[in-house]
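Source file coords05.cif; content: mmCIF, C-alpha atoms.
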data_structure
loop_
_atom_site.group_PDB
_atom_site.id
_atom_site.type_symbol
_atom_site.label_atom_id
_atom_site.label_comp_id
_atom_site.auth_asym_id
_atom_site.auth_seq_id
_atom_site.Cartn_x
_atom_site.Cartn_y
_atom_site.Cartn_z
ATOM 1 C CA MET A 1 -18.017 7.351 5.713
ATOM 2 C CA THR A 2 -16.925 6.685 2.139
ATOM 3 C CA SER A 3 -16.489 9.728 -0.106
ATOM 4 C CA THR A 4 -15.665 10.000 -3.802
ATOM 5 C CA ILE A 5 -13.579 12.136 -6.136
ATOM 6 C CA ALA A 6 -14.065 12.358 -9.903
ATOM 7 C CA THR A 7 -10.931 12.100 -12.051
ATOM 8 C CA ARG A 8 -10.296 14.128 -15.179
ATOM 9 C CA ASP A 9 -11.068 11.121 -17.394
ATOM 10 C CA GLY A 10 -14.438 10.483 -15.764
ATOM 11 C CA ARG A 11 -13.579 7.748 -13.284
ATOM 12 C CA THR A 12 -14.614 7.714 -9.636
ATOM 13 C CA LEU A 13 -12.137 7.163 -6.800
ATOM 14 C CA SER A 14 -13.599 6.190 -3.434
ATOM 15 C CA TYR A 15 -11.818 6.974 -0.198
ATOM 16 C CA LEU A 16 -12.181 6.850 3.573
ATOM 17 C CA GLU A 17 -10.905 9.628 5.807
ATOM 18 C CA VAL A 18 -9.686 9.473 9.419
ATOM 19 C CA GLY A 19 -7.778 11.776 11.740
ATOM 20 C CA ASP A 20 -7.874 15.573 11.887
ATOM 21 C CA PRO A 21 -9.882 17.097 9.000
ATOM 22 C CA GLN A 22 -7.886 20.341 9.376
ATOM 23 C CA GLY A 23 -4.467 18.688 9.493
ATOM 24 C CA PRO A 24 -1.791 18.103 6.856
ATOM 25 C CA LEU A 25 -2.857 15.609 4.199
ATOM 26 C CA VAL A 26 -1.440 12.094 3.941
ATOM 27 C CA ILE A 27 -2.761 9.801 1.210
ATOM 28 C CA HIS A 28 -2.304 6.159 2.174
ATOM 29 C CA ASN A 29 -1.886 3.403 -0.424
ATOM 30 C CA HIS A 30 -3.547 0.232 0.832
ATOM 31 C CA GLY A 31 -2.142 -3.267 0.499
ATOM 32 C CA GLY A 32 -3.712 -6.263 -1.170
ATOM 33 C CA PRO A 33 -6.149 -7.755 -0.722
ATOM 34 C CA SER A 34 -7.285 -4.553 0.945
ATOM 35 C CA CYS A 35 -9.050 -1.282 0.247
ATOM 36 C CA ARG A 36 -9.891 2.168 1.625
ATOM 37 C CA LEU A 37 -11.118 0.606 4.899
ATOM 38 C CA GLU A 38 -7.472 0.038 5.812
ATOM 39 C CA ALA A 39 -7.483 3.655 7.011
ATOM 40 C CA ARG A 40 -9.326 2.500 10.124
ATOM 41 C CA LEU A 41 -6.219 0.640 11.288
ATOM 42 C CA PHE A 42 -4.414 3.986 11.496
ATOM 43 C CA ALA A 43 -7.204 6.222 12.804
ATOM 44 C CA ASN A 44 -5.761 6.599 16.308
ATOM 45 C CA SER A 45 -2.235 7.301 15.055
ATOM 46 C CA ALA A 46 -3.501 9.854 12.534
ATOM 47 C CA SER A 47 -5.509 11.651 15.217
ATOM 48 C CA LYS A 48 -2.631 11.546 17.683
ATOM 49 C CA ASN A 49 -0.367 13.190 15.105
ATOM 50 C CA ARG A 50 -3.066 15.591 13.887
ATOM 51 C CA LEU A 51 -2.958 14.321 10.326
ATOM 52 C CA ARG A 52 -5.754 14.132 7.807
ATOM 53 C CA LEU A 53 -5.283 10.591 6.533
ATOM 54 C CA ILE A 54 -7.238 9.282 3.576
ATOM 55 C CA CYS A 55 -7.017 5.855 1.995
ATOM 56 C CA VAL A 56 -8.171 5.531 -1.614
ATOM 57 C CA ASP A 57 -9.440 2.427 -3.391
ATOM 58 C CA ARG A 58 -7.203 1.971 -6.421
ATOM 59 C CA PRO A 59 -9.009 1.482 -9.773
ATOM 60 C CA GLY A 60 -11.290 -1.552 -9.869
ATOM 61 C CA ILE A 61 -10.795 -2.241 -6.149
ATOM 62 C CA GLY A 62 -13.477 -1.630 -3.533
ATOM 63 C CA ARG A 63 -15.792 1.099 -4.813
ATOM 64 C CA SER A 64 -13.438 2.798 -7.301
ATOM 65 C CA THR A 65 -14.266 2.358 -10.969
ATOM 66 C CA PRO A 66 -11.910 0.284 -13.139
ATOM 67 C CA GLN A 67 -9.258 1.789 -15.385
ATOM 68 C CA ARG A 68 -8.361 0.047 -18.626
ATOM 69 C CA LEU A 69 -4.698 1.033 -18.642
ATOM 70 C CA ARG A 70 -2.990 0.973 -15.258
ATOM 71 C CA THR A 71 0.395 2.675 -14.895
ATOM 72 C CA TYR A 72 2.510 3.966 -12.045
ATOM 73 C CA ALA A 73 2.657 7.416 -13.624
ATOM 74 C CA GLY A 74 -1.112 7.397 -14.008
ATOM 75 C CA TRP A 75 -1.599 6.658 -10.322
ATOM 76 C CA ALA A 76 0.800 9.463 -9.408
ATOM 77 C CA ASP A 77 -1.431 11.749 -11.474
ATOM 78 C CA ASP A 78 -4.460 10.455 -9.563
ATOM 79 C CA LEU A 79 -2.751 11.192 -6.238
ATOM 80 C CA THR A 80 -2.095 14.805 -7.212
ATOM 81 C CA ALA A 81 -5.659 15.090 -8.503
ATOM 82 C CA ILE A 82 -6.923 13.895 -5.113
ATOM 83 C CA ALA A 83 -4.799 16.462 -3.291
ATOM 84 C CA ASP A 84 -6.063 19.173 -5.660
ATOM 85 C CA ALA A 85 -9.681 18.141 -5.106
ATOM 86 C CA LEU A 86 -9.216 18.332 -1.338
ATOM 87 C CA GLY A 87 -7.565 21.753 -1.602
ATOM 88 C CA TYR A 88 -3.961 20.844 -0.704
ATOM 89 C CA ARG A 89 -0.863 22.129 -2.433
ATOM 90 C CA GLU A 90 1.476 19.993 -0.278
ATOM 91 C CA PHE A 91 0.838 16.461 0.932
ATOM 92 C CA GLY A 92 2.454 13.169 1.870
ATOM 93 C CA VAL A 93 1.957 9.549 0.829
ATOM 94 C CA THR A 94 2.370 6.251 2.622
ATOM 95 C CA GLY A 95 1.970 2.716 1.307
ATOM 96 C CA TRP A 96 1.847 -0.665 2.995
ATOM 97 C CA SER A 97 2.654 -4.032 1.387
ATOM 98 C CA GLU A 98 1.242 -3.953 -2.172
ATOM 99 C CA GLY A 99 0.716 -0.239 -1.597
ATOM 100 C CA GLY A 100 4.440 0.337 -1.080
ATOM 101 C CA PRO A 101 5.375 0.392 -4.782
ATOM 102 C CA TRP A 102 2.655 2.964 -5.467
ATOM 103 C CA ALA A 103 4.163 5.203 -2.796
ATOM 104 C CA LEU A 104 7.592 4.771 -4.398
ATOM 105 C CA ALA A 105 6.050 5.660 -7.762
ATOM 106 C CA ALA A 106 4.762 8.875 -6.220
ATOM 107 C CA ALA A 107 8.320 9.662 -5.123
ATOM 108 C CA ALA A 108 9.527 9.049 -8.671
ATOM 109 C CA TYR A 109 6.894 11.083 -10.509
ATOM 110 C CA ILE A 110 5.595 13.875 -8.236
ATOM 111 C CA ASP A 111 7.431 17.152 -7.664
ATOM 112 C CA PRO A 112 9.086 17.073 -4.203
ATOM 113 C CA LEU A 113 7.876 20.647 -3.656
ATOM 114 C CA ARG A 114 4.364 19.192 -3.567
ATOM 115 C CA LEU A 115 5.078 15.740 -2.173
ATOM 116 C CA ARG A 116 6.692 16.479 1.182
ATOM 117 C CA HIS A 117 6.722 12.996 2.720
ATOM 118 C CA VAL A 118 6.945 9.414 1.400
ATOM 119 C CA SER A 119 6.909 6.153 3.367
ATOM 120 C CA SER A 120 6.903 2.641 1.941
ATOM 121 C CA ILE A 121 6.103 0.064 4.614
ATOM 122 C CA ALA A 122 7.047 -3.580 3.966
ATOM 123 C CA GLY A 123 6.472 -2.814 0.287
ATOM 124 C CA GLY A 124 5.973 -5.553 -2.288
ATOM 125 C CA SER A 125 8.975 -4.396 -4.330
ATOM 126 C CA TYR A 126 8.915 -7.423 -6.604
ATOM 127 C CA GLY A 127 9.582 -5.641 -9.901
ATOM 128 C CA ALA A 128 12.023 -2.980 -8.739
ATOM 129 C CA PHE A 129 15.021 -4.486 -10.536
ATOM 130 C CA GLY A 130 13.401 -6.631 -13.198
ATOM 131 C CA ASP A 131 10.577 -9.128 -13.630
ATOM 132 C CA ASN A 132 10.024 -10.841 -10.264
ATOM 133 C CA TRP A 133 13.701 -10.210 -9.461
ATOM 134 C CA ALA A 134 13.473 -11.470 -5.864
ATOM 135 C CA ALA A 135 11.542 -14.680 -6.573
ATOM 136 C CA ASP A 136 14.023 -16.818 -4.631
ATOM 137 C CA HIS A 137 13.292 -14.834 -1.464
ATOM 138 C CA LEU A 138 9.491 -14.879 -1.621
ATOM 139 C CA SER A 139 7.047 -17.079 0.247
ATOM 140 C CA LYS A 140 5.783 -20.047 -1.774
ATOM 141 C CA ALA A 141 2.421 -18.359 -2.377
ATOM 142 C CA ASP A 142 3.936 -15.099 -3.602
ATOM 143 C CA ALA A 143 6.543 -16.903 -5.701
ATOM 144 C CA LEU A 144 3.742 -18.854 -7.363
ATOM 145 C CA GLY A 145 1.799 -15.641 -7.885
ATOM 146 C CA GLY A 146 4.765 -14.032 -9.580
ATOM 147 C CA PHE A 147 5.302 -17.039 -11.831
ATOM 148 C CA LEU A 148 1.656 -17.065 -12.893
ATOM 149 C CA ALA A 149 1.495 -13.291 -13.379
ATOM 150 C CA LEU A 150 4.436 -13.364 -15.779
ATOM 151 C CA ARG A 151 3.957 -16.710 -17.512
ATOM 152 C CA PHE A 152 0.336 -17.834 -17.178
ATOM 153 C CA PRO A 153 -2.063 -14.906 -16.603
ATOM 154 C CA PRO A 154 -5.224 -17.098 -16.676
ATOM 155 C CA GLY A 155 -3.845 -19.026 -13.721
ATOM 156 C CA PHE A 156 -3.040 -15.772 -11.938
ATOM 157 C CA ARG A 157 -6.616 -14.564 -12.430
ATOM 158 C CA LEU A 158 -7.979 -17.878 -11.170
ATOM 159 C CA MET A 159 -5.723 -17.682 -8.100
ATOM 160 C CA TYR A 160 -7.074 -14.243 -7.216
ATOM 161 C CA ALA A 161 -10.673 -15.204 -7.934
ATOM 162 C CA ALA A 162 -10.330 -18.033 -5.407
ATOM 163 C CA LEU A 163 -8.722 -15.637 -2.924
ATOM 164 C CA GLY A 164 -11.690 -13.298 -3.354
ATOM 165 C CA VAL A 165 -14.214 -16.040 -2.632
ATOM 166 C CA THR A 166 -12.395 -16.937 0.584
ATOM 167 C CA ALA A 167 -11.994 -13.310 1.715
ATOM 168 C CA LYS A 168 -15.656 -12.458 1.061
ATOM 169 C CA PHE A 169 -17.512 -15.593 2.098
ATOM 170 C CA PHE A 170 -15.160 -17.520 4.404
ATOM 171 C CA ARG A 171 -13.659 -14.685 6.415
ATOM 172 C CA ALA A 172 -12.605 -16.738 9.420
ATOM 173 C CA THR A 173 -10.776 -19.164 7.136
ATOM 174 C CA PHE A 174 -9.062 -16.299 5.331
ATOM 175 C CA VAL A 175 -7.807 -14.732 8.558
ATOM 176 C CA GLU A 176 -6.644 -18.095 9.883
ATOM 177 C CA GLN A 177 -4.627 -18.651 6.707
ATOM 178 C CA VAL A 178 -2.938 -15.290 7.211
ATOM 179 C CA ARG A 179 -2.214 -16.042 10.872
ATOM 180 C CA LYS A 180 -0.478 -19.269 9.910
ATOM 181 C CA ALA A 181 1.711 -17.451 7.394
ATOM 182 C CA VAL A 182 3.008 -14.674 9.675
ATOM 183 C CA ASN A 183 5.223 -14.489 12.773
ATOM 184 C CA ASP A 184 4.230 -14.326 16.443
ATOM 185 C CA ASP A 185 4.364 -10.523 16.553
ATOM 186 C CA ASP A 186 1.910 -10.304 13.649
ATOM 187 C CA ARG A 187 -0.371 -12.907 15.215
ATOM 188 C CA LYS A 188 -0.608 -10.850 18.407
ATOM 189 C CA ILE A 189 -1.641 -7.814 16.366
ATOM 190 C CA LEU A 190 -4.206 -9.810 14.384
ATOM 191 C CA LEU A 191 -5.691 -11.216 17.589
ATOM 192 C CA GLN A 192 -6.640 -7.730 18.764
ATOM 193 C CA PRO A 193 -10.447 -7.638 18.321
ATOM 194 C CA ASP A 194 -10.533 -4.250 16.595
ATOM 195 C CA VAL A 195 -7.717 -5.178 14.183
ATOM 196 C CA ASP A 196 -9.335 -8.549 13.456
ATOM 197 C CA ALA A 197 -12.684 -6.937 12.593
ATOM 198 C CA ILE A 198 -11.138 -4.260 10.360
ATOM 199 C CA PHE A 199 -8.860 -6.766 8.632
ATOM 200 C CA ARG A 200 -11.761 -9.068 7.753
ATOM 201 C CA GLU A 201 -13.860 -6.226 6.397
ATOM 202 C CA MET A 202 -11.121 -4.535 4.364
ATOM 203 C CA SER A 203 -10.022 -7.838 2.812
ATOM 204 C CA ALA A 204 -13.566 -8.694 1.741
ATOM 205 C CA GLU A 205 -14.373 -5.192 0.475
ATOM 206 C CA CYS A 206 -11.328 -5.371 -1.822
ATOM 207 C CA PHE A 207 -13.396 -7.717 -4.011
ATOM 208 C CA ALA A 208 -16.604 -5.647 -4.109
ATOM 209 C CA ARG A 209 -16.220 -5.393 -7.904
ATOM 210 C CA GLY A 210 -14.681 -8.833 -8.310
ATOM 211 C CA SER A 211 -11.012 -9.749 -8.460
ATOM 212 C CA ASP A 212 -9.965 -8.051 -11.714
ATOM 213 C CA GLY A 213 -8.922 -4.800 -10.019
ATOM 214 C CA LEU A 214 -6.538 -6.595 -7.666
ATOM 215 C CA VAL A 215 -5.217 -8.758 -10.517
ATOM 216 C CA ARG A 216 -4.304 -5.674 -12.572
ATOM 217 C CA ASP A 217 -2.816 -4.035 -9.486
ATOM 218 C CA SER A 218 -0.692 -7.030 -8.565
ATOM 219 C CA GLU A 219 0.530 -7.812 -12.083
ATOM 220 C CA LEU A 220 2.295 -4.460 -12.185
ATOM 221 C CA LEU A 221 4.160 -5.248 -8.969
ATOM 222 C CA TYR A 222 5.798 -8.366 -10.404
ATOM 223 C CA ARG A 223 6.779 -6.891 -13.772
ATOM 224 C CA ARG A 224 9.804 -4.634 -14.195
ATOM 225 C CA TRP A 225 8.697 -1.246 -12.963
ATOM 226 C CA ALA A 226 8.434 1.666 -15.369
ATOM 227 C CA PHE A 227 10.498 3.832 -12.993
ATOM 228 C CA ASP A 228 13.946 3.276 -11.510
ATOM 229 C CA VAL A 229 14.286 3.488 -7.731
ATOM 230 C CA ARG A 230 18.017 4.073 -8.231
ATOM 231 C CA ALA A 231 17.141 7.514 -9.615
ATOM 232 C CA ILE A 232 15.077 8.599 -6.582
ATOM 233 C CA GLU A 233 17.220 11.097 -4.706
ATOM 234 C CA ARG A 234 14.546 12.718 -2.557
ATOM 235 C CA LYS A 235 14.037 11.417 0.989
ATOM 236 C CA VAL A 236 11.949 8.242 1.153
ATOM 237 C CA HIS A 237 11.337 6.320 4.380
ATOM 238 C CA LEU A 238 11.424 2.526 4.104
ATOM 239 C CA TRP A 239 9.944 0.630 7.064
ATOM 240 C CA GLN A 240 10.534 -3.074 7.470
ATOM 241 C CA GLY A 241 10.028 -5.722 10.114
ATOM 242 C CA THR A 242 13.146 -7.863 10.365
ATOM 243 C CA ASP A 243 11.028 -11.037 10.726
ATOM 244 C CA ASP A 244 8.520 -10.360 7.946
ATOM 245 C CA ARG A 245 7.376 -13.743 6.610
ATOM 246 C CA LEU A 246 5.360 -12.261 3.707
ATOM 247 C CA VAL A 247 7.796 -9.678 2.292
ATOM 248 C CA PRO A 248 11.265 -10.726 3.522
ATOM 249 C CA ALA A 249 13.501 -7.900 4.702
ATOM 250 C CA PHE A 250 16.107 -8.710 2.032
ATOM 251 C CA ILE A 251 13.843 -7.284 -0.670
ATOM 252 C CA ASN A 252 13.397 -3.796 0.734
ATOM 253 C CA ARG A 253 16.875 -3.713 2.253
ATOM 254 C CA THR A 254 18.159 -4.096 -1.313
ATOM 255 C CA VAL A 255 15.882 -1.279 -2.485
ATOM 256 C CA ALA A 256 17.148 0.924 0.343
ATOM 257 C CA ASP A 257 20.791 0.144 -0.494
ATOM 258 C CA ARG A 258 20.295 1.143 -4.137
ATOM 259 C CA MET A 259 17.989 4.151 -3.693
ATOM 260 C CA PRO A 260 19.965 7.347 -2.940
ATOM 261 C CA GLY A 261 17.218 9.002 -0.898
ATOM 262 C CA ALA A 262 16.300 6.005 1.242
ATOM 263 C CA VAL A 263 16.005 6.283 5.021
ATOM 264 C CA TRP A 264 15.949 2.741 6.414
ATOM 265 C CA HIS A 265 13.775 1.916 9.444
ATOM 266 C CA ALA A 266 14.301 -1.704 10.517
ATOM 267 C CA VAL A 267 11.999 -2.782 13.357
ATOM 268 C CA GLU A 268 13.627 -5.682 15.159
ATOM 269 C CA GLY A 269 11.408 -8.756 15.486
ATOM 270 C CA ALA A 270 8.449 -7.146 13.770
ATOM 271 C CA GLY A 271 6.646 -8.882 10.935
ATOM 272 C CA HIS A 272 4.505 -7.738 8.038
ATOM 273 C CA PHE A 273 2.100 -5.867 10.295
ATOM 274 C CA VAL A 274 4.851 -3.437 11.237
ATOM 275 C CA ALA A 275 2.574 -0.811 9.652
ATOM 276 C CA VAL A 276 0.142 -1.276 12.525
ATOM 277 C CA GLY A 277 2.658 -1.923 15.296
ATOM 278 C CA SER A 278 4.807 1.111 14.409
ATOM 279 C CA ALA A 279 2.019 3.391 13.179
ATOM 280 C CA ASP A 280 2.552 6.042 15.875
ATOM 281 C CA GLU A 281 6.228 6.380 14.991
ATOM 282 C CA LEU A 282 5.904 6.416 11.220
ATOM 283 C CA PHE A 283 3.032 8.924 11.200
ATOM 284 C CA ALA A 284 4.908 11.110 13.695
ATOM 285 C CA ILE A 285 7.691 11.420 11.107
ATOM 286 C CA ALA A 286 5.126 12.260 8.432
ATOM 287 C CA ALA A 287 3.676 14.975 10.676
ATOM 288 C CA ARG A 288 7.113 16.501 11.289
ATOM 289 C CA GLU A 289 7.998 16.585 7.600
ATOM 290 C CA LEU A 290 4.662 18.047 6.565
ATOM 291 C CA GLY A 291 4.655 20.690 9.274
ATOM 292 C CA PRO A 292 1.880 21.789 11.628
ATOM 293 C CA LYS A 293 -0.105 23.852 9.107
ATOM 294 C CA PRO A 294 -1.301 22.366 5.825
ATOM 295 C CA CYS A 295 -0.437 24.262 2.652
ATOM 296 C CA ARG A 296 -3.705 24.753 0.785
ATOM 297 C CA THR A 297 -4.232 25.632 -2.835
#
When written as structure tokens, how does the structure in this file appear?
Amino acid sequence: MTSTIATRDGRTLSYLEVGDPQGPLVIHNHGGPSCRLEARLFANSASKNRLRLICVDRPGIGRSTPQRLRTYAGWADDLTAIADALGYREFGVTGWSEGGPWALAAAAYIDPLRLRHVSSIAGGSYGAFGDNWAADHLSKADALGGFLALRFPPGFRLMYAALGVTAKFFRATFVEQVRKAVNDDDRKILLQPDVDAIFREMSAECFARGSDGLVRDSELLYRRWAFDVRAIERKVHLWQGTDDRLVPAFINRTVADRMPGAVWHAVEGAGHFVAVGSADELFAIAARELGPKPCRT
């Protein structure tokens, strides 16, 4: 069931909760196009590790209200506000794909005494070292997206509007396009009936308010980030499939090499859906670092 939290500036953030309602809190940052429904992909792993996992629609995505000015620091503030609203002093964050940079932002901006665990999984770290710094290593679609985001925003908006139409109204076509773009390991995961159903629904729900929320979200990924990963000394787990066809391993391997607190988890042969295939392992680490009893406010 979808729940909501009101922010200090009057916005509404919608989220979906899975796992153990009495367990340590992990706030998951969804990818794109995706939304809070992504939590369902990790429900079994969260329960197995006795975690309270919530996934929040970022502003303008899914059922969350838009925010005129989007910043990484602002989202870090929202994450702490969510933890406060749920009664947690300590919590963890995870982020998959386009959600990865938002998890890294949390590591940069939130006090480590509060934020006890951070995982970025196959993160879209396209602006970590400058505007679209890894363009030569991206897929053709993502390279085009980066070019449009930085040099022709109307084209970028049109690209995402078309993506939204496909995800909402031609779901089978959308999933087939994804299957063609990924490796065999990812295709096996996507062919699982429960994963297929969740993936279709979460991709379509991303565009419940149109495509503007995802456009604003994605533009920030390609532009030089407002924080420097080279200054992050706290422990941050970076998970990466070595055969990721959407976010090549080179990108996050470079982030790991330059970020003092990085703990590198390379999953041999895995693709972009390493978040699903390795969910038990990555959430087990989160559970260990957060401890068995949640620290409440």
Requested in this report: Tell me which protein, DNA and RNA residues are within 12 Å of Glu289 of chain A, counting all atoms listed in the file, leaving out same-chain ones fewer than 5 positions away, and put them as a PyMOL selection string.
Outcome: chain A and resi 24-26+49+51+90-93+112-113+115-119+235-237+282-284+294
Report task. Given the file shown, enumerate the residues that the PyMOL selection byres ((chain A and resi 5) around 9) captures and present them as a PyMOL selection string. Result -> chain A and resi 3-4+6-7+11-15+81-82+85-86
**Report entry** Nearest to Pro154 of chain A by atom-to-atom distance, counting all atoms listed in the file, from A:Val215, A:Cys35, A:Leu246, A:Val18
**Finding:**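 The shortest atom-to-atom distance to Pro154 of chain A comes from A:Val215.
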Report task. Find the residues around Arg234 of chain A up to 8 Å (all atoms listed in the file counted), leave out those fewer than 2 positions away in its own chain, and share them as a ChimeraX atom specification. Result -> /A:107,112,232,236,260-262
Query raised in the report: Restricting the calculation to all atoms listed in the file, which member of A:Asp142, A:Phe42, A:Asp77, A:Gln22 is positioned closest to Arg8 of chain A?
Result: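 For Arg8 of chain A, the nearest of the candidates is A:Asp77.
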Report task. Between A:Leu150, A:Ala39, A:Ala167, A:Ala122, single out the one closest to Asp243 of chain A, counting only C-alpha atoms. Result ->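 Nearest to Asp243 of chain A: A:Ala122.
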Selection near Gly123 of chain A, 8 Å with all atoms listed in the file, sequence-local residues under 6 positions removed, as a PDB file with C-alpha atoms, keeping the file's coordinate frame:
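Wrote it out as result.pdb, contents follow:
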ATOM      1  CA  GLY A  95       1.970   2.716   1.307  1.00  0.00           C
ATOM      2  CA  TRP A  96       1.847  -0.665   2.995  1.00  0.00           C
ATOM      3  CA  SER A  97       2.654  -4.032   1.387  1.00  0.00           C
ATOM      4  CA  GLU A  98       1.242  -3.953  -2.172  1.00  0.00           C
ATOM      5  CA  GLY A  99       0.716  -0.239  -1.597  1.00  0.00           C
ATOM      6  CA  GLY A 100       4.440   0.337  -1.080  1.00  0.00           C
ATOM      7  CA  PRO A 101       5.375   0.392  -4.782  1.00  0.00           C
ATOM      8  CA  VAL A 247       7.796  -9.678   2.292  1.00  0.00           C
ATOM      9  CA  ASN A 252      13.397  -3.796   0.734  1.00  0.00           C
TER      10      ASN A 252
END
Requested in this report: To one decimal in Å, tell me the separation between atom CA of Gly19 of chain A and atom CA of Arg209 of chain A.
Outcome: 27.4 Å
Box in all listed atoms of segment 25-29 of chain A, axis-aligned, with 5 Å more on each side; write out centre and edge lengths in Å to one decimal as AutoDock Vina command-line options.
--center_x -2.1 --center_y 9.5 --center_z 1.9 --size_x 11.4 --size_y 22.2 --size_z 14.6
Requested in this report: Give the answer as one residue: which of A:Leu163, A:Leu41, A:Val195, A:Ala149 has the shortest atom-to-atom distance to Ser218 of chain A, using all atoms listed in the file?
Outcome: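 Of all the options, A:Ala149 lies closest to Ser218 of chain A.
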Quick test: take segment 38-52 of chain A, keep N, CA, C and O atoms, and write it as a PDB file, in the first residue's frame.
ATOM      1  N   GLU A  38       9.305  -0.228  -7.157  1.00  0.00           N
ATOM      2  CA  GLU A  38      10.540  -1.002  -7.252  1.00  0.00           C
ATOM      3  C   GLU A  38      10.811  -1.785  -5.968  1.00  0.00           C
ATOM      4  O   GLU A  38      11.476  -2.830  -5.981  1.00  0.00           O
ATOM      5  N   ALA A  39      10.286  -1.297  -4.853  1.00  0.00           N
ATOM      6  CA  ALA A  39      10.471  -1.983  -3.570  1.00  0.00           C
ATOM      7  C   ALA A  39      10.014  -3.433  -3.639  1.00  0.00           C
ATOM      8  O   ALA A  39      10.574  -4.308  -2.953  1.00  0.00           O
ATOM      9  N   ARG A  40       9.023  -3.710  -4.463  1.00  0.00           N
ATOM     10  CA  ARG A  40       8.492  -5.074  -4.546  1.00  0.00           C
ATOM     11  C   ARG A  40       9.530  -6.070  -5.056  1.00  0.00           C
ATOM     12  O   ARG A  40       9.448  -7.264  -4.743  1.00  0.00           O
ATOM     13  N   LEU A  41      10.497  -5.586  -5.841  1.00  0.00           N
ATOM     14  CA  LEU A  41      11.546  -6.482  -6.322  1.00  0.00           C
ATOM     15  C   LEU A  41      12.421  -6.992  -5.185  1.00  0.00           C
ATOM     16  O   LEU A  41      13.083  -8.019  -5.317  1.00  0.00           O
ATOM     17  N   PHE A  42      12.438  -6.251  -4.062  1.00  0.00           N
ATOM     18  CA  PHE A  42      13.336  -6.572  -2.962  1.00  0.00           C
ATOM     19  C   PHE A  42      12.590  -7.008  -1.703  1.00  0.00           C
ATOM     20  O   PHE A  42      13.202  -7.105  -0.639  1.00  0.00           O
ATOM     21  N   ALA A  43      11.306  -7.289  -1.833  1.00  0.00           N
ATOM     22  CA  ALA A  43      10.487  -7.620  -0.663  1.00  0.00           C
ATOM     23  C   ALA A  43      11.004  -8.868   0.048  1.00  0.00           C
ATOM     24  O   ALA A  43      11.120  -8.889   1.281  1.00  0.00           O
ATOM     25  N   ASN A  44      11.308  -9.913  -0.701  1.00  0.00           N
ATOM     26  CA  ASN A  44      11.772 -11.156  -0.074  1.00  0.00           C
ATOM     27  C   ASN A  44      13.115 -10.961   0.619  1.00  0.00           C
ATOM     28  O   ASN A  44      13.326 -11.454   1.734  1.00  0.00           O
ATOM     29  N   SER A  45      14.023 -10.249  -0.024  1.00  0.00           N
ATOM     30  CA  SER A  45      15.349 -10.022   0.566  1.00  0.00           C
ATOM     31  C   SER A  45      15.253  -9.147   1.814  1.00  0.00           C
ATOM     32  O   SER A  45      15.969  -9.373   2.794  1.00  0.00           O
ATOM     33  N   ALA A  46      14.379  -8.151   1.785  1.00  0.00           N
ATOM     34  CA  ALA A  46      14.194  -7.300   2.961  1.00  0.00           C
ATOM     35  C   ALA A  46      13.636  -8.104   4.122  1.00  0.00           C
ATOM     36  O   ALA A  46      14.098  -7.982   5.271  1.00  0.00           O
ATOM     37  N   SER A  47      12.655  -8.949   3.848  1.00  0.00           N
ATOM     38  CA  SER A  47      12.065  -9.779   4.905  1.00  0.00           C
ATOM     39  C   SER A  47      13.081 -10.772   5.451  1.00  0.00           C
ATOM     40  O   SER A  47      13.192 -10.972   6.667  1.00  0.00           O
ATOM     41  N   LYS A  48      13.830 -11.386   4.554  1.00  0.00           N
ATOM     42  CA  LYS A  48      14.831 -12.374   4.958  1.00  0.00           C
ATOM     43  C   LYS A  48      15.866 -11.761   5.892  1.00  0.00           C
ATOM     44  O   LYS A  48      16.334 -12.397   6.843  1.00  0.00           O
ATOM     45  N   ASN A  49      16.198 -10.488   5.644  1.00  0.00           N
ATOM     46  CA  ASN A  49      17.205  -9.806   6.455  1.00  0.00           C
ATOM     47  C   ASN A  49      16.596  -8.921   7.537  1.00  0.00           C
ATOM     48  O   ASN A  49      17.309  -8.150   8.179  1.00  0.00           O
ATOM     49  N   ARG A  50      15.294  -9.033   7.722  1.00  0.00           N
ATOM     50  CA  ARG A  50      14.560  -8.329   8.769  1.00  0.00           C
ATOM     51  C   ARG A  50      14.789  -6.819   8.714  1.00  0.00           C
ATOM     52  O   ARG A  50      15.011  -6.160   9.731  1.00  0.00           O
ATOM     53  N   LEU A  51      14.693  -6.287   7.515  1.00  0.00           N
ATOM     54  CA  LEU A  51      14.828  -4.857   7.291  1.00  0.00           C
ATOM     55  C   LEU A  51      13.482  -4.244   6.958  1.00  0.00           C
ATOM     56  O   LEU A  51      12.639  -4.875   6.312  1.00  0.00           O
ATOM     57  N   ARG A  52      13.298  -3.018   7.369  1.00  0.00           N
ATOM     58  CA  ARG A  52      12.148  -2.232   6.942  1.00  0.00           C
ATOM     59  C   ARG A  52      12.610  -1.412   5.745  1.00  0.00           C
ATOM     60  O   ARG A  52      13.326  -0.424   5.895  1.00  0.00           O
TER      61      ARG A  52
END
